[in-house]
file my_file39.cif (mmCIF, C-alpha atoms)
data_data
#
loop_
_atom_site.group_PDB
_atom_site.id
_atom_site.type_symbol
_atom_site.label_atom_id
_atom_site.label_comp_id
_atom_site.auth_asym_id
_atom_site.auth_seq_id
_atom_site.Cartn_x
_atom_site.Cartn_y
_atom_site.Cartn_z
ATOM 1 C CA MET A 1 46.294 -40.090 -105.067
ATOM 2 C CA PRO A 2 45.695 -41.713 -108.460
ATOM 3 C CA GLU A 3 48.153 -44.491 -109.154
ATOM 4 C CA PRO A 4 49.586 -45.408 -112.524
ATOM 5 C CA ASN A 5 48.318 -48.698 -113.840
ATOM 6 C CA PHE A 6 50.981 -51.030 -112.523
ATOM 7 C CA SER A 7 48.931 -54.110 -113.378
ATOM 8 C CA ASP A 8 49.319 -53.372 -117.041
ATOM 9 C CA ALA A 9 51.054 -56.248 -118.894
ATOM 10 C CA ARG A 10 53.466 -53.932 -120.650
ATOM 11 C CA PHE A 11 54.534 -52.345 -117.400
ATOM 12 C CA LEU A 12 55.029 -55.762 -115.843
ATOM 13 C CA ARG A 13 57.252 -56.768 -118.747
ATOM 14 C CA ARG A 14 59.393 -53.688 -118.204
ATOM 15 C CA LEU A 15 59.758 -54.630 -114.549
ATOM 16 C CA LYS A 16 60.812 -58.132 -115.524
ATOM 17 C CA GLU A 17 63.374 -56.693 -117.913
ATOM 18 C CA ARG A 18 64.704 -54.685 -114.982
ATOM 19 C CA ASP A 19 63.840 -51.411 -116.648
ATOM 20 C CA ARG A 20 65.233 -48.757 -114.338
ATOM 21 C CA VAL A 21 62.556 -46.177 -115.165
ATOM 22 C CA ALA A 22 59.750 -48.600 -114.429
ATOM 23 C CA TRP A 23 61.273 -49.580 -111.097
ATOM 24 C CA ALA A 24 61.808 -45.934 -110.222
ATOM 25 C CA GLU A 25 58.108 -45.313 -110.876
ATOM 26 C CA LEU A 26 57.182 -48.197 -108.631
ATOM 27 C CA ALA A 27 59.542 -46.943 -105.940
ATOM 28 C CA ASP A 28 58.036 -43.467 -106.165
ATOM 29 C CA ALA A 29 54.576 -44.878 -105.733
ATOM 30 C CA TYR A 30 55.124 -47.228 -102.814
ATOM 31 C CA LEU A 31 58.306 -46.495 -100.883
ATOM 32 C CA SER A 32 56.791 -43.567 -99.052
ATOM 33 C CA GLN A 33 53.761 -45.687 -98.132
ATOM 34 C CA LEU A 34 55.932 -48.485 -96.781
ATOM 35 C CA LEU A 35 58.161 -46.137 -94.828
ATOM 36 C CA ARG A 36 55.239 -44.241 -93.428
ATOM 37 C CA ALA A 37 53.563 -47.411 -92.249
ATOM 38 C CA ALA A 38 56.756 -48.672 -90.608
ATOM 39 C CA ARG A 39 57.408 -45.357 -88.887
ATOM 40 C CA GLY A 40 53.802 -45.257 -87.735
ATOM 41 C CA MET A 41 54.263 -48.669 -86.154
ATOM 42 C CA GLY A 42 57.138 -47.337 -84.125
ATOM 43 C CA PHE A 43 60.067 -48.731 -86.073
ATOM 44 C CA THR A 44 63.221 -46.613 -86.079
ATOM 45 C CA ILE A 45 64.305 -44.898 -89.292
ATOM 46 C CA GLU A 46 66.909 -47.650 -89.835
ATOM 47 C CA ASP A 47 64.480 -50.500 -89.195
ATOM 48 C CA SER A 48 61.886 -48.845 -91.413
ATOM 49 C CA GLN A 49 64.419 -48.637 -94.213
ATOM 50 C CA ASP A 50 65.290 -52.294 -93.716
ATOM 51 C CA LEU A 51 61.646 -53.317 -93.883
ATOM 52 C CA ALA A 52 60.980 -51.288 -97.022
ATOM 53 C CA GLN A 53 64.192 -52.521 -98.654
ATOM 54 C CA SER A 54 63.524 -56.167 -97.929
ATOM 55 C CA ALA A 55 60.030 -55.861 -99.402
ATOM 56 C CA PHE A 56 61.443 -54.366 -102.585
ATOM 57 C CA ALA A 57 64.343 -56.830 -102.672
ATOM 58 C CA ALA A 58 61.893 -59.724 -102.529
ATOM 59 C CA LEU A 59 59.878 -58.169 -105.328
ATOM 60 C CA ILE A 60 62.971 -57.653 -107.499
ATOM 61 C CA GLU A 61 63.919 -61.274 -106.923
ATOM 62 C CA GLY A 62 60.435 -62.658 -107.381
ATOM 63 C CA ILE A 63 59.197 -60.520 -110.259
ATOM 64 C CA GLY A 64 60.120 -63.213 -112.787
ATOM 65 C CA ARG A 65 57.556 -65.547 -111.256
ATOM 66 C CA PHE A 66 54.981 -62.808 -110.710
ATOM 67 C CA GLU A 67 52.073 -63.357 -113.072
ATOM 68 C CA GLY A 68 50.125 -60.240 -112.319
ATOM 69 C CA ARG A 69 47.146 -62.093 -110.918
ATOM 70 C CA SER A 70 47.189 -59.924 -107.811
ATOM 71 C CA HIS A 71 48.023 -56.257 -107.690
ATOM 72 C CA ILE A 72 51.690 -55.520 -107.318
ATOM 73 C CA ARG A 73 50.946 -53.394 -104.269
ATOM 74 C CA THR A 74 49.324 -56.402 -102.609
ATOM 75 C CA PHE A 75 52.436 -58.432 -103.257
ATOM 76 C CA LEU A 76 54.731 -55.718 -101.895
ATOM 77 C CA PHE A 77 52.684 -55.085 -98.785
ATOM 78 C CA GLY A 78 52.264 -58.814 -98.292
ATOM 79 C CA ILE A 79 56.016 -59.197 -97.857
ATOM 80 C CA PHE A 80 56.126 -56.114 -95.690
ATOM 81 C CA TYR A 81 53.368 -57.349 -93.353
ATOM 82 C CA ASN A 82 55.057 -60.717 -93.157
ATOM 83 C CA LYS A 83 58.220 -59.122 -91.829
ATOM 84 C CA VAL A 84 56.238 -56.934 -89.451
ATOM 85 C CA SER A 85 54.335 -59.925 -88.128
ATOM 86 C CA GLU A 86 57.608 -61.542 -87.066
ATOM 87 C CA HIS A 87 58.332 -58.529 -84.900
ATOM 88 C CA LEU A 88 54.838 -58.532 -83.523
ATOM 89 C CA ARG A 89 54.788 -62.153 -82.421
ATOM 90 C CA GLU A 90 58.332 -62.158 -81.138
ATOM 91 C CA LYS A 91 57.778 -59.100 -78.951
ATOM 92 C CA GLN A 92 54.420 -60.307 -77.828
ATOM 93 C CA ARG A 93 55.791 -63.509 -76.328
ATOM 94 C CA ALA A 94 58.097 -61.524 -74.120
ATOM 95 C CA GLU A 95 55.180 -59.483 -72.865
ATOM 96 C CA GLU A 96 52.719 -61.966 -71.550
ATOM 97 C CA ASN A 97 52.231 -59.803 -68.521
ATOM 98 C CA ASP A 98 52.106 -56.100 -68.929
ATOM 99 C CA PRO A 99 52.176 -53.404 -66.240
ATOM 100 C CA ILE A 100 49.159 -51.673 -67.787
ATOM 101 C CA ASP A 101 46.959 -54.618 -66.802
ATOM 102 C CA GLU A 102 47.526 -53.844 -63.134
ATOM 103 C CA VAL A 103 47.080 -50.138 -63.647
ATOM 104 C CA MET A 104 43.713 -50.804 -65.225
ATOM 105 C CA GLU A 105 42.700 -53.199 -62.477
ATOM 106 C CA SER A 106 43.457 -50.628 -59.824
ATOM 107 C CA LYS A 107 41.063 -48.187 -61.457
ATOM 108 C CA PHE A 108 37.986 -50.130 -60.432
ATOM 109 C CA ASP A 109 36.560 -51.183 -57.095
ATOM 110 C CA LEU A 110 35.438 -54.686 -56.227
ATOM 111 C CA GLN A 111 32.074 -54.089 -57.862
ATOM 112 C CA GLY A 112 33.849 -53.089 -61.071
ATOM 113 C CA LYS A 113 32.900 -49.431 -60.722
ATOM 114 C CA TRP A 114 35.325 -46.637 -61.499
ATOM 115 C CA ARG A 115 37.468 -45.819 -58.486
ATOM 116 C CA GLN A 116 39.516 -43.347 -60.525
ATOM 117 C CA PRO A 117 37.184 -42.156 -63.273
ATOM 118 C CA PRO A 118 38.661 -40.783 -66.483
ATOM 119 C CA LEU A 119 39.534 -37.122 -66.033
ATOM 120 C CA ASP A 120 37.821 -34.455 -68.054
ATOM 121 C CA ILE A 121 40.807 -33.608 -70.187
ATOM 122 C CA GLU A 122 39.475 -33.837 -73.725
ATOM 123 C CA LYS A 123 39.882 -30.165 -74.416
ATOM 124 C CA LYS A 124 43.442 -30.105 -73.201
ATOM 125 C CA ILE A 125 44.862 -33.269 -74.645
ATOM 126 C CA PHE A 126 42.648 -34.529 -77.395
ATOM 127 C CA SER A 127 42.791 -31.322 -79.336
ATOM 128 C CA ARG A 128 44.500 -30.595 -82.611
ATOM 129 C CA GLU A 129 47.497 -29.096 -80.853
ATOM 130 C CA ALA A 130 47.989 -32.292 -78.933
ATOM 131 C CA ARG A 131 49.787 -34.046 -81.753
ATOM 132 C CA GLN A 132 53.176 -33.706 -80.102
ATOM 133 C CA MET A 133 51.861 -35.149 -76.864
ATOM 134 C CA VAL A 134 50.349 -38.084 -78.697
ATOM 135 C CA GLU A 135 53.661 -38.708 -80.452
ATOM 136 C CA LYS A 136 55.532 -38.559 -77.169
ATOM 137 C CA CYS A 137 53.118 -40.928 -75.470
ATOM 138 C CA LEU A 138 53.248 -43.316 -78.435
ATOM 139 C CA GLU A 139 56.946 -43.807 -77.738
ATOM 140 C CA THR A 140 56.081 -45.375 -74.387
ATOM 141 C CA VAL A 141 53.778 -47.988 -75.953
ATOM 142 C CA PRO A 142 55.473 -51.392 -76.415
ATOM 143 C CA ARG A 143 56.211 -52.377 -80.005
ATOM 144 C CA ALA A 144 53.710 -55.176 -80.528
ATOM 145 C CA GLN A 145 50.897 -53.065 -79.118
ATOM 146 C CA ARG A 146 51.869 -50.165 -81.246
ATOM 147 C CA ILE A 147 51.858 -52.255 -84.393
ATOM 148 C CA ALA A 148 48.375 -53.520 -83.566
ATOM 149 C CA LEU A 149 47.121 -50.038 -82.831
ATOM 150 C CA TYR A 150 48.548 -48.659 -86.047
ATOM 151 C CA LEU A 151 47.007 -51.390 -88.162
ATOM 152 C CA ARG A 152 43.626 -50.858 -86.568
ATOM 153 C CA ALA A 153 43.449 -47.114 -85.956
ATOM 154 C CA VAL A 154 45.477 -45.681 -88.800
ATOM 155 C CA SER A 155 45.475 -48.208 -91.630
ATOM 156 C CA GLU A 156 41.889 -49.099 -90.732
ATOM 157 C CA MET A 157 42.159 -52.729 -91.707
ATOM 158 C CA ASP A 158 39.390 -54.759 -90.194
ATOM 159 C CA THR A 159 40.206 -57.074 -87.325
ATOM 160 C CA THR A 160 39.897 -60.287 -89.379
ATOM 161 C CA GLU A 161 42.345 -58.957 -91.934
ATOM 162 C CA ILE A 162 44.816 -57.921 -89.244
ATOM 163 C CA CYS A 163 44.627 -61.346 -87.597
ATOM 164 C CA ASN A 164 45.221 -63.067 -90.943
ATOM 165 C CA LYS A 165 48.122 -60.868 -91.958
ATOM 166 C CA MET A 166 49.770 -60.890 -88.557
ATOM 167 C CA GLN A 167 48.952 -64.520 -87.807
ATOM 168 C CA ILE A 168 47.553 -63.802 -84.374
ATOM 169 C CA THR A 169 44.249 -64.766 -82.800
ATOM 170 C CA PRO A 170 41.415 -62.258 -82.299
ATOM 171 C CA THR A 171 41.962 -62.650 -78.547
ATOM 172 C CA ASN A 172 45.611 -61.676 -78.906
ATOM 173 C CA LEU A 173 44.699 -58.694 -81.009
ATOM 174 C CA GLY A 174 42.107 -57.650 -78.437
ATOM 175 C CA VAL A 175 44.669 -57.781 -75.634
ATOM 176 C CA LEU A 176 47.164 -55.741 -77.653
ATOM 177 C CA LEU A 177 44.572 -53.100 -78.498
ATOM 178 C CA PHE A 178 43.323 -52.947 -74.905
ATOM 179 C CA ARG A 179 46.839 -52.368 -73.623
ATOM 180 C CA ALA A 180 47.888 -49.921 -76.311
ATOM 181 C CA ARG A 181 44.830 -47.706 -75.955
ATOM 182 C CA ASN A 182 44.967 -47.657 -72.184
ATOM 183 C CA TYR A 183 48.714 -46.977 -72.109
ATOM 184 C CA LEU A 184 48.150 -44.072 -74.383
ATOM 185 C CA ARG A 185 45.118 -42.711 -72.558
ATOM 186 C CA GLU A 186 46.914 -42.967 -69.223
ATOM 187 C CA CYS A 187 49.958 -41.190 -70.563
ATOM 188 C CA LEU A 188 47.838 -38.400 -72.029
ATOM 189 C CA GLU A 189 45.913 -38.077 -68.803
ATOM 190 C CA ARG A 190 49.166 -37.623 -66.887
ATOM 191 C CA MET A 191 50.352 -35.035 -69.377
ATOM 192 C CA GLY A 192 47.041 -33.241 -69.185
ATOM 193 C CA LEU A 193 47.424 -33.050 -65.411
ATOM 194 C CA LYS A 194 50.901 -31.570 -65.710
ATOM 195 C CA ARG A 195 49.532 -28.893 -67.937
ATOM 196 C CA GLY A 196 47.170 -27.949 -65.137
ATOM 197 C CA MET B 1 24.244 -55.504 -66.437
ATOM 198 C CA TYR B 2 27.887 -54.881 -67.301
ATOM 199 C CA ARG B 3 30.340 -53.402 -64.843
ATOM 200 C CA CYS B 4 32.428 -50.372 -65.768
ATOM 201 C CA SER B 5 35.580 -52.479 -65.802
ATOM 202 C CA GLU B 6 33.986 -54.836 -68.329
ATOM 203 C CA ILE B 7 32.797 -51.970 -70.507
ATOM 204 C CA VAL B 8 36.307 -50.540 -70.609
ATOM 205 C CA ARG B 9 37.706 -53.884 -71.692
ATOM 206 C CA LEU B 10 34.994 -54.467 -74.299
ATOM 207 C CA ILE B 11 35.495 -51.042 -75.819
ATOM 208 C CA SER B 12 39.279 -50.769 -75.822
ATOM 209 C CA SER B 13 39.831 -54.313 -77.102
ATOM 210 C CA GLU B 14 37.059 -53.829 -79.685
ATOM 211 C CA GLU B 15 35.493 -57.029 -78.542
ATOM 212 C CA TYR B 16 32.129 -55.282 -78.887
ATOM 213 C CA LEU B 17 32.568 -55.378 -82.666
ATOM 214 C CA THR B 18 32.069 -59.118 -82.786
ATOM 215 C CA ALA B 19 29.610 -59.197 -79.910
ATOM 216 C CA GLY B 20 26.108 -60.505 -80.389
ATOM 217 C CA LEU B 21 22.988 -58.373 -80.297
ATOM 218 C CA LEU B 22 22.327 -58.932 -76.616
ATOM 219 C CA LYS B 23 25.853 -58.026 -75.591
ATOM 220 C CA ARG B 24 25.771 -54.911 -77.741
ATOM 221 C CA LEU B 25 22.497 -53.888 -76.172
ATOM 222 C CA GLY B 26 23.998 -54.400 -72.720
ATOM 223 C CA ILE B 27 26.902 -52.132 -73.606
ATOM 224 C CA ARG B 28 24.545 -49.453 -74.908
ATOM 225 C CA LEU B 29 22.421 -49.588 -71.810
ATOM 226 C CA HIS B 30 25.447 -49.216 -69.598
ATOM 227 C CA LEU B 31 26.789 -46.285 -71.592
ATOM 228 C CA ALA B 32 23.414 -44.560 -71.476
ATOM 229 C CA ALA B 33 23.470 -44.764 -67.695
ATOM 230 C CA CYS B 34 27.157 -44.183 -66.941
ATOM 231 C CA ARG B 35 28.794 -40.823 -67.424
ATOM 232 C CA ASN B 36 32.301 -42.042 -66.692
ATOM 233 C CA CYS B 37 32.184 -44.803 -69.272
ATOM 234 C CA ARG B 38 30.707 -42.419 -71.813
ATOM 235 C CA ARG B 39 33.623 -40.108 -71.223
ATOM 236 C CA TYR B 40 36.044 -43.005 -71.567
ATOM 237 C CA ALA B 41 34.473 -44.061 -74.864
ATOM 238 C CA ARG B 42 34.572 -40.490 -76.129
ATOM 239 C CA GLN B 43 38.243 -40.169 -75.262
ATOM 240 C CA LEU B 44 39.114 -43.337 -77.152
ATOM 241 C CA ARG B 45 37.327 -42.020 -80.226
ATOM 242 C CA ALA B 46 39.274 -38.769 -79.970
ATOM 243 C CA LEU B 47 42.440 -40.779 -79.555
ATOM 244 C CA ALA B 48 41.857 -42.622 -82.811
ATOM 245 C CA ALA B 49 41.557 -39.308 -84.638
ATOM 246 C CA ALA B 50 44.709 -37.989 -82.966
ATOM 247 C CA LEU B 51 46.594 -41.125 -83.996
ATOM 248 C CA ARG B 52 45.732 -40.656 -87.646
ATOM 249 C CA GLU B 53 47.034 -37.102 -87.436
ATOM 250 C CA ALA B 54 50.213 -38.118 -85.660
ATOM 251 C CA ALA B 55 51.191 -40.444 -88.496
ATOM 252 C CA GLY B 56 52.630 -37.618 -90.560
ATOM 253 C CA PRO B 57 54.448 -37.904 -93.883
ATOM 254 C CA VAL B 58 57.973 -39.307 -94.113
ATOM 255 C CA PRO B 59 60.768 -36.762 -94.818
ATOM 256 C CA ALA B 60 61.661 -36.590 -98.516
ATOM 257 C CA ALA B 61 65.327 -37.377 -97.773
ATOM 258 C CA GLU B 62 64.399 -40.747 -96.279
ATOM 259 C CA ILE B 63 62.350 -41.616 -99.338
ATOM 260 C CA GLU B 64 65.210 -40.586 -101.628
ATOM 261 C CA THR B 65 67.651 -42.804 -99.735
ATOM 262 C CA ALA B 66 65.254 -45.714 -99.982
ATOM 263 C CA LYS B 67 64.816 -45.170 -103.706
ATOM 264 C CA ARG B 68 68.556 -45.041 -104.284
ATOM 265 C CA LEU B 69 69.004 -48.318 -102.408
ATOM 266 C CA VAL B 70 66.258 -50.001 -104.426
ATOM 267 C CA LEU B 71 67.805 -48.906 -107.714
ATOM 268 C CA GLU B 72 71.239 -50.016 -106.525
ATOM 269 C CA ARG B 73 69.884 -53.436 -105.771
ATOM 270 C CA LEU B 74 68.250 -53.550 -109.171
ATOM 271 C CA ALA B 75 71.597 -52.809 -110.817
ATOM 272 C CA GLN B 76 73.209 -55.822 -109.120
ATOM 273 C CA LYS B 77 73.470 -58.952 -111.236
ATOM 274 C CA PRO B 78 70.422 -61.139 -110.758
#
call {"tool": "encode", "arguments": {"input": "my_file39.cif", "output": "structure tokens"}}
result
Amino acid sequence: MPEPNFSDARFLRRLKERDRVAWAELADAYLSQLLRAARGMGFTIEDSQDLAQSAFAALIEGIGRFEGRSHIRTFLFGIFYNKVSEHLREKQRAEENDPIDEVMESKFDLQGKWRQPPLDIEKKIFSREARQMVEKCLETVPRAQRIALYLRAVSEMDTTEICNKMQITPTNLGVLLFRARNYLRECLERMGLKRG
Amino acid sequence: MYRCSEIVRLISSEEYLTAGLLKRLGIRLHLAACRNCRRYARQLRALAAALREAAGPVPAAEIETAKRLVLERLAQKP
């Protein structure tokens, strides 16, 4: 989607003058992106609204000091990711051990070979119609893991960028991704079995 | 030679992305020889595609509410 030129000096001046039309344009361009990202990370509708609102509130407050050196979208998403990162680290601390670790351990024998190999369920569960199942299984993935998975799989940021924005180490990110993906795969495998 | 359990960890955590040449080669060799791990890797790739699809658009009403709130905040005295 082509975006209007929000970096334009004239547009920035309108924002600083609290021009309602200019702010409405900005809201039209980015609110849906912010909300979509928050929902994709597993935040409730209310929490997603809060995140999007606090990003915009910070921009409204800080626009006077904004010099337009970075893109306004970068600024907005910067605040948004900051808030998200608080959730990520806070939840992560509470989850130093995760049940999925044991599940994964039990899948291999002492030589590290598959004891319970992955089932051949691609056609049943990883098909286009499987969207609902994926959504259902996503709900069982803990918050911090889900945030990490969203950033990596959907937003397609690279791992360095995610670690910088979320202020976590690459090792932490790796653990979150390992858990999230295996939670999800396990859940889909179970659902695939139920379908027969 | 890597064990299946190690391959699963390397792939799902994406540790292989930052791995050196030798490690990467080891992973490739294992995958070439191991059907189960190949299937696992394939399923994770399919999962990534399914995730992108699952992140559907936000209902228009939610966006409208958000916009109204932003403009209300703007109208407040600075």
call {"tool": "atom_distance", "arguments": {"input": "my_file39.cif", "atom1": "atom CA of Glu186 of chain A", "atom2": "atom CA of Ala33 of chain B"}}
result
23.6 Å
call {"tool": "residues_around", "arguments": {"input": "my_file39.cif", "residues": "segment 182-184 of chain A", "least_positions_apart": "3", "cutoff": "9 Å", "atoms": "only C-alpha atoms", "output": "list in words"}}
result
Ile100, Met104, Val134, Cys137, Leu138, Thr140, Val141, Leu177, Phe178, Arg179, Cys187, Leu188 and Glu189 of chain A; Ser12, Leu44 and Leu47 of chain B
call {"tool": "atom_distance", "arguments": {"input": "my_file39.cif", "atom1": "atom CA of His87 of chain A", "atom2": "atom CA of Ser70 of chain A"}}
result
25.5 Å
call {"tool": "residues_around", "arguments": {"input": "my_file39.cif", "residues": "Ile11 of chain B", "least_positions_apart": "2", "cutoff": "10 Å", "atoms": "only C-alpha atoms", "output": "count of residues only"}}
result
18
call {"tool": "interface_residues", "arguments": {"input": "my_file39.cif", "of": "chain B", "to": "chain A", "cutoff": "8 Å", "atoms": "all atoms listed in the file", "output": "JSON, numbers by chain"}}
result
{"B": [3, 4, 5, 6, 9, 12, 13, 14, 15, 36, 39, 40, 43, 44, 46, 47, 48, 50, 51, 52, 53, 54, 55, 56, 57, 58, 63, 66, 67, 69, 70, 71, 73, 74, 78]}
call {"tool": "resolve_selection", "arguments": {"input": "my_file39.cif", "expression": "the PyMOL selection byres ((chain A and resi 72) around 12)", "output": "PyMOL selection string"}}
result
chain A and resi 3-9+11-12+15+23+26-27+29-30+55-56+59-60+62-63+66-71+73-79
call {"tool": "atom_distance", "arguments": {"input": "my_file39.cif", "atom1": "atom CA of Leu22 of chain B", "atom2": "atom CA of Cys163 of chain A"}}
result
25.0 Å
call {"tool": "axis_aligned_box", "arguments": {"input": "my_file39.cif", "around": "segment 37-44 of chain B", "padding_each_side": "6 Å", "output": "AutoDock Vina command-line options"}}
result
--center_x 34.9 --center_y -42.5 --center_z -73.2 --size_x 20.4 --size_y 16.7 --size_z 19.9
call {"tool": "decode", "arguments": {"input": "my_file39.cif", "residues": "segment 143-191 of chain A", "atoms": "C-alpha atoms", "output": "CSV table (one decimal), in the first residue's frame"}}
result
chain,number,residue,atom,x,y,z
A,143,ARG,CA,2.4,-14.7,25.6
A,144,ALA,CA,6.1,-14.1,25.4
A,145,GLN,CA,6.6,-17.0,23.0
A,146,ARG,CA,3.8,-15.8,20.9
A,147,ILE,CA,5.2,-12.3,20.7
A,148,ALA,CA,8.6,-13.8,19.6
A,149,LEU,CA,7.0,-16.0,17.0
A,150,TYR,CA,4.9,-13.2,15.6
A,151,LEU,CA,7.9,-10.9,15.3
A,152,ARG,CA,9.9,-13.6,13.5
A,153,ALA,CA,7.4,-15.4,11.4
A,154,VAL,CA,4.9,-12.7,10.5
A,155,SER,CA,6.6,-9.4,10.7
A,156,GLU,CA,9.8,-11.1,9.4
A,157,MET,CA,12.2,-8.9,11.3
A,158,ASP,CA,15.6,-10.4,11.5
A,159,THR,CA,16.7,-11.9,14.8
A,160,THR,CA,19.2,-9.1,15.6
A,161,GLU,CA,16.5,-6.5,15.1
A,162,ILE,CA,14.1,-8.4,17.3
A,163,CYS,CA,16.7,-8.8,20.1
A,164,ASN,CA,17.5,-5.1,19.9
A,165,LYS,CA,13.9,-4.0,20.0
A,166,MET,CA,12.8,-6.4,22.6
A,167,GLN,CA,16.0,-6.1,24.7
A,168,ILE,CA,16.5,-9.9,24.9
A,169,THR,CA,19.5,-12.0,24.1
A,170,PRO,CA,19.7,-14.2,21.0
A,171,THR,CA,19.7,-17.2,23.4
A,172,ASN,CA,16.4,-16.0,25.0
A,173,LEU,CA,14.9,-15.5,21.6
A,174,GLY,CA,16.0,-19.0,20.5
A,175,VAL,CA,14.3,-20.5,23.5
A,176,LEU,CA,11.1,-18.6,22.9
A,177,LEU,CA,11.0,-19.6,19.3
A,178,PHE,CA,11.8,-23.3,20.1
A,179,ARG,CA,9.0,-23.4,22.6
A,180,ALA,CA,6.5,-21.5,20.5
A,181,ARG,CA,7.0,-23.6,17.4
A,182,ASN,CA,6.9,-26.9,19.2
A,183,TYR,CA,3.8,-26.0,21.2
A,184,LEU,CA,2.1,-25.1,18.0
A,185,ARG,CA,3.3,-28.2,16.1
A,186,GLU,CA,2.3,-30.5,19.0
A,187,CYS,CA,-1.2,-28.9,19.2
A,188,LEU,CA,-1.7,-29.2,15.5
A,189,GLU,CA,-0.6,-32.8,15.6
A,190,ARG,CA,-3.1,-33.6,18.3
A,191,MET,CA,-5.8,-31.9,16.3
